[in-house]
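Please read the structure below before turning to the comments.
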Amino acid sequence: MSEVEVVRTGNIFYTSWPKGHEWDFVKMKFSRFEPGSGKSQELKAELLVEALGKQPHNTRVTLTAGRSVNEAAKRCNDEIPGIPWGSIMSEACNGVKEKYREGEPVIRLADMAETEASQYLLDPFLLQKQANLIYGDGGLGKSWFALYLGVLVATGKSHAGISPEPGNVMYLDYEVPDFDMKSRLAAVCRGLDVPEPKNFLYRYMYDSTVGDQERLMELVAEHDTSLLIIDSAGPASGGRAEESAMALQYYNALRAMNCTTLTIAHVSKTEASEKGTSTPFGSVFWRNMARNTWEIRQGATFTKAIKEFGVFQTKLNSGAGESPRAFRLTYDNPKRATNVKFEAISTDSNEDFVERYSARDKIIWFIKDQRREAAKEKRMFEGVAAKEMAEHFSERIDAFNTALSRGARTGLFASPSRGLWDLKEKMEEDMRLIEYNPGKTLM
């Protein structure tokens, strides 16, 4: 009967034997697994063996192939003879193979206690212990925004309607050297009027996130990391962002970190110039595997010193989704900023942002806009037609009719007269004013 003990940490497996066992001096580590595709049942992994203070073997082994297992045993025997490496290797590989295919255990949810922990590490942008993604065209300030979110988590500071759960942050950078990031961190902290957090850690990256997974897991655990920021997806994937297998391996590696992650990604040049919702550059799995996805779009004011951008949630796996947010990023010096300020701004005041709204939110915006126009012209607001909305946004009327019908059922919209629409809350407020002020004409 096999006595090998297999411990899984993320996607790394450690094997050992109980104290007092004849093989208790042998320890093995299996990592960087490559399961076979299609009909192939092969399972390959990188193997590191330690025994008697030596590392007799470090190579790849096919756990499902007897010849490969025997070859690994032979190489260990060449370094440390006189040990039954064939039996040891066979038992270890079989144990890891079974553990790997076993996956996570089945649990009974009814037996679990409900947690009072927050759904968000940073409300509303970062889901707790989930893979989060922000993407957009180059030069919009994605890295600055990610750094800003990281500082809020590291300091525990609430700002611009964003509420964090305090924790340690690690920034994995493939693009900017440490001295540049130091300057950026200092500038953001000055803008927020907070001291530079000691628990904001930085690491320049060379290897892909998948290739460096083992060391990253150790660093995340060592520093009790709550948020891991990866800048950016292209180099983090080893330059193979278009490969679906790489995207899947990337997100598997993130899950193994057991912390909240935020990945920064770009969009293709073609999509960057379009008004519709774009997607992160590369395989569709970059968007599909993230649990919470936000797109950054340029606003009307976009100069060297002041950048306005909208942040639109394009995917959320755990709820109905968030309304769009917008920010103004102000640099004291465009060439080398020493003070960078973030402030929340209204998306309603920027037509470029409104274009990205859902049909429901466009209706709300349009009604409010028309109400303001009526007030300026000192006339009574009588409502707007779906046709007017569709023509204003140069879109088909069907989506607006559907959103109006749904909104009417939920009490959001109401029809003051046939074919015209208003916000029910505003319409009822108008009626109360007339009731309390007989003869008053609403403007």
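Lettering and numbering for the structure tokens are positional, with chains as A, B, ... in the shown order, residues counted from 1 in each chain, and ligands counted from 1 in the shown order.
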Using only C-alpha atoms, tabulate the residues of stretch 124-145 of chain A lying at most 9 Å from any atom of stretch 305-314 of chain A, each with its closest atom pair and that distance in Å to one decimal, by chain and increasing residue number, as JSON lines.
{"residue": "A:Phe125", "atom": "CA", "partner": "A:Gln313", "partner_atom": "CA", "distance": 8.7}
{"residue": "A:Ile134", "atom": "CA", "partner": "A:Val311", "partner_atom": "CA", "distance": 8.7}
{"residue": "A:Leu140", "atom": "CA", "partner": "A:Phe309", "partner_atom": "CA", "distance": 7.2}
{"residue": "A:Gly141", "atom": "CA", "partner": "A:Lys307", "partner_atom": "CA", "distance": 7.9}
Original post:
Using the chain letters and numbers from this document, which residues of stretch 31-267 of chain A does DSSP assign to helix (DSSP H, G or I), as a count of residues only?
Top reply: 92
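Shortest separation to A:Ser118 among A:Tyr204, A:Asn333, A:Arg287, A:Pro164 occurs at residue A:Pro164, atoms counted being only C-alpha atoms.
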Subject >> Selected residue of minimal separation from A:Asp207 among A:Pro124, A:Pro177, A:Gly239, A:Gly82, counting only C-alpha atoms >> reply: A:Gly239
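Taking atom CA of A:Tyr250 and atom CA of A:Gln128 as endpoints, the distance between them is 18.4 Å.
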**OP:** Tell me, in Å to one decimal, how far atom CA of A:Glu373 is from atom CA of A:Gly407.
**Re:** 23.0 Å
**OP:** Write out as number ranges by chain the residues lying within 12 Å of stretch 364-367 of chain A, counting only C-alpha atoms and excluding same-chain residues fewer than 4 positions away.
**Re:** A: 346-351, 353-360, 371-374, 381-393, 400, 403-404, 407, 412-414, 420-427
Subject >> Long-range neighbours of A:Glu343 as number ranges by chain, 12 Å cut-off, only C-alpha atoms, 4 positions minimum in chain >> reply: A: 145, 148, 159-162, 188, 191-192, 306-310, 325-331
Those same residues, written as a JSON list (two decimals), in the first residue's frame with C-alpha atoms?
[["chain", "number", "residue", "atom", "x", "y", "z"],
["A", 145, "PHE", "CA", -5.01, 54.18, -12.44],
["A", 148, "TYR", "CA", -3.80, 54.70, -7.66],
["A", 159, "HIS", "CA", -11.27, 58.34, -2.03],
["A", 160, "ALA", "CA", -13.54, 59.51, -4.86],
["A", 161, "GLY", "CA", -16.29, 57.10, -3.87],
["A", 162, "ILE", "CA", -13.91, 54.11, -3.73],
["A", 188, "VAL", "CA", 0.27, 59.61, -6.43],
["A", 191, "GLY", "CA", -1.83, 63.87, -4.72],
["A", 192, "LEU", "CA", -3.73, 61.84, -2.13],
["A", 306, "ILE", "CA", -5.05, 66.78, -17.70],
["A", 307, "LYS", "CA", -6.50, 63.44, -18.77],
["A", 308, "GLU", "CA", -10.16, 62.55, -18.36],
["A", 309, "PHE", "CA", -11.21, 58.97, -18.82],
["A", 310, "GLY", "CA", -14.27, 56.82, -18.30],
["A", 325, "ARG", "CA", -17.30, 55.88, -13.48],
["A", 326, "ALA", "CA", -15.19, 58.76, -14.73],
["A", 327, "PHE", "CA", -12.01, 60.38, -13.42],
["A", 328, "ARG", "CA", -9.80, 63.38, -14.06],
["A", 329, "LEU", "CA", -6.06, 62.79, -13.75],
["A", 330, "THR", "CA", -4.04, 66.00, -13.27],
["A", 331, "TYR", "CA", -0.22, 66.14, -13.47]]
**OP:** Could you tell me, as a PyMOL selection string, which residues of stretch 313-418 of chain A DSSP assigns to strand (DSSP E or B) when given the backbone?
**Re:** chain A and resi 313-316+325-331+340-345+384+413-414
Using N, CA and C atoms, can you export the residues from the last selection as a short mmCIF file (atom, residue, chain, number, x, y, z; two decimals), in the first residue's frame?
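part-v5.cif written:
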data_model
loop_
_atom_site.label_atom_id
_atom_site.label_comp_id
_atom_site.auth_asym_id
_atom_site.auth_seq_id
_atom_site.Cartn_x
_atom_site.Cartn_y
_atom_site.Cartn_z
N GLN A 313 -17.67 49.01 -16.78
CA GLN A 313 -17.64 47.59 -16.46
C GLN A 313 -18.25 46.80 -17.61
N THR A 314 -17.46 45.92 -18.21
CA THR A 314 -17.94 45.14 -19.34
C THR A 314 -18.24 43.69 -18.97
N LYS A 315 -17.91 43.31 -17.73
CA LYS A 315 -18.24 41.97 -17.27
C LYS A 315 -18.17 41.91 -15.76
N LEU A 316 -19.15 41.24 -15.15
CA LEU A 316 -19.15 40.97 -13.71
C LEU A 316 -19.86 39.65 -13.49
N ARG A 325 -17.98 54.88 -14.31
CA ARG A 325 -17.30 55.88 -13.48
C ARG A 325 -16.40 56.71 -14.38
N ALA A 326 -16.09 57.92 -13.97
CA ALA A 326 -15.19 58.76 -14.73
C ALA A 326 -14.24 59.48 -13.78
N PHE A 327 -13.03 59.75 -14.25
CA PHE A 327 -12.01 60.38 -13.42
C PHE A 327 -11.25 61.43 -14.22
N ARG A 328 -10.72 62.40 -13.48
CA ARG A 328 -9.80 63.38 -14.06
C ARG A 328 -8.45 63.18 -13.40
N LEU A 329 -7.44 63.00 -14.21
CA LEU A 329 -6.06 62.79 -13.75
C LEU A 329 -5.27 64.04 -14.09
N THR A 330 -4.74 64.73 -13.06
CA THR A 330 -4.04 66.00 -13.27
C THR A 330 -2.58 65.87 -12.83
N TYR A 331 -1.65 66.18 -13.76
CA TYR A 331 -0.22 66.14 -13.47
C TYR A 331 0.28 67.56 -13.21
N VAL A 340 0.42 63.97 -8.57
CA VAL A 340 -0.63 63.52 -9.49
C VAL A 340 -1.93 63.39 -8.71
N LYS A 341 -2.95 64.08 -9.16
CA LYS A 341 -4.23 64.06 -8.45
C LYS A 341 -5.30 63.34 -9.26
N PHE A 342 -6.05 62.51 -8.56
CA PHE A 342 -7.22 61.84 -9.14
C PHE A 342 -8.47 62.45 -8.53
N GLU A 343 -9.47 62.69 -9.33
CA GLU A 343 -10.76 63.13 -8.81
C GLU A 343 -11.86 62.51 -9.66
N ALA A 344 -12.97 62.19 -8.99
CA ALA A 344 -14.12 61.65 -9.69
C ALA A 344 -14.86 62.78 -10.39
N ILE A 345 -15.30 62.53 -11.63
CA ILE A 345 -16.09 63.51 -12.37
C ILE A 345 -17.35 62.83 -12.87
N VAL A 384 -40.51 62.68 -23.41
CA VAL A 384 -39.81 62.50 -24.68
C VAL A 384 -40.22 61.17 -25.30
N PHE A 413 -39.48 54.10 -15.20
CA PHE A 413 -40.04 55.01 -16.19
C PHE A 413 -41.56 55.03 -16.10
N ALA A 414 -42.14 56.13 -16.56
CA ALA A 414 -43.61 56.26 -16.60
C ALA A 414 -43.97 57.09 -17.83
#
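Considering only C-alpha atoms, the residue among A:Phe200, A:Val267, A:Met289, A:Glu71 positioned nearest to A:Ala186 is A:Phe200.
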Subject >> Nearest-residue call for A:Leu122, choices A:Gly156, A:Gly36, A:Pro195, A:Pro81, using only C-alpha atoms >> reply: A:Gly156
**OP:** Pick out the closest residue to A:Glu91 from this set: A:Gln119, A:Ser16, A:Ser2, A:Gln55. Count only C-alpha atoms.
**Re:** A:Ser2
Original post:
Which is closer to A:Pro324 than all the others in A:Leu185, A:Met89, A:Ile296, A:Val26, using only C-alpha atoms?
Top reply: A:Ile296
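Between atom CA of A:Tyr14 and atom CA of A:Lys27 there is a distance of 7.3 Å.
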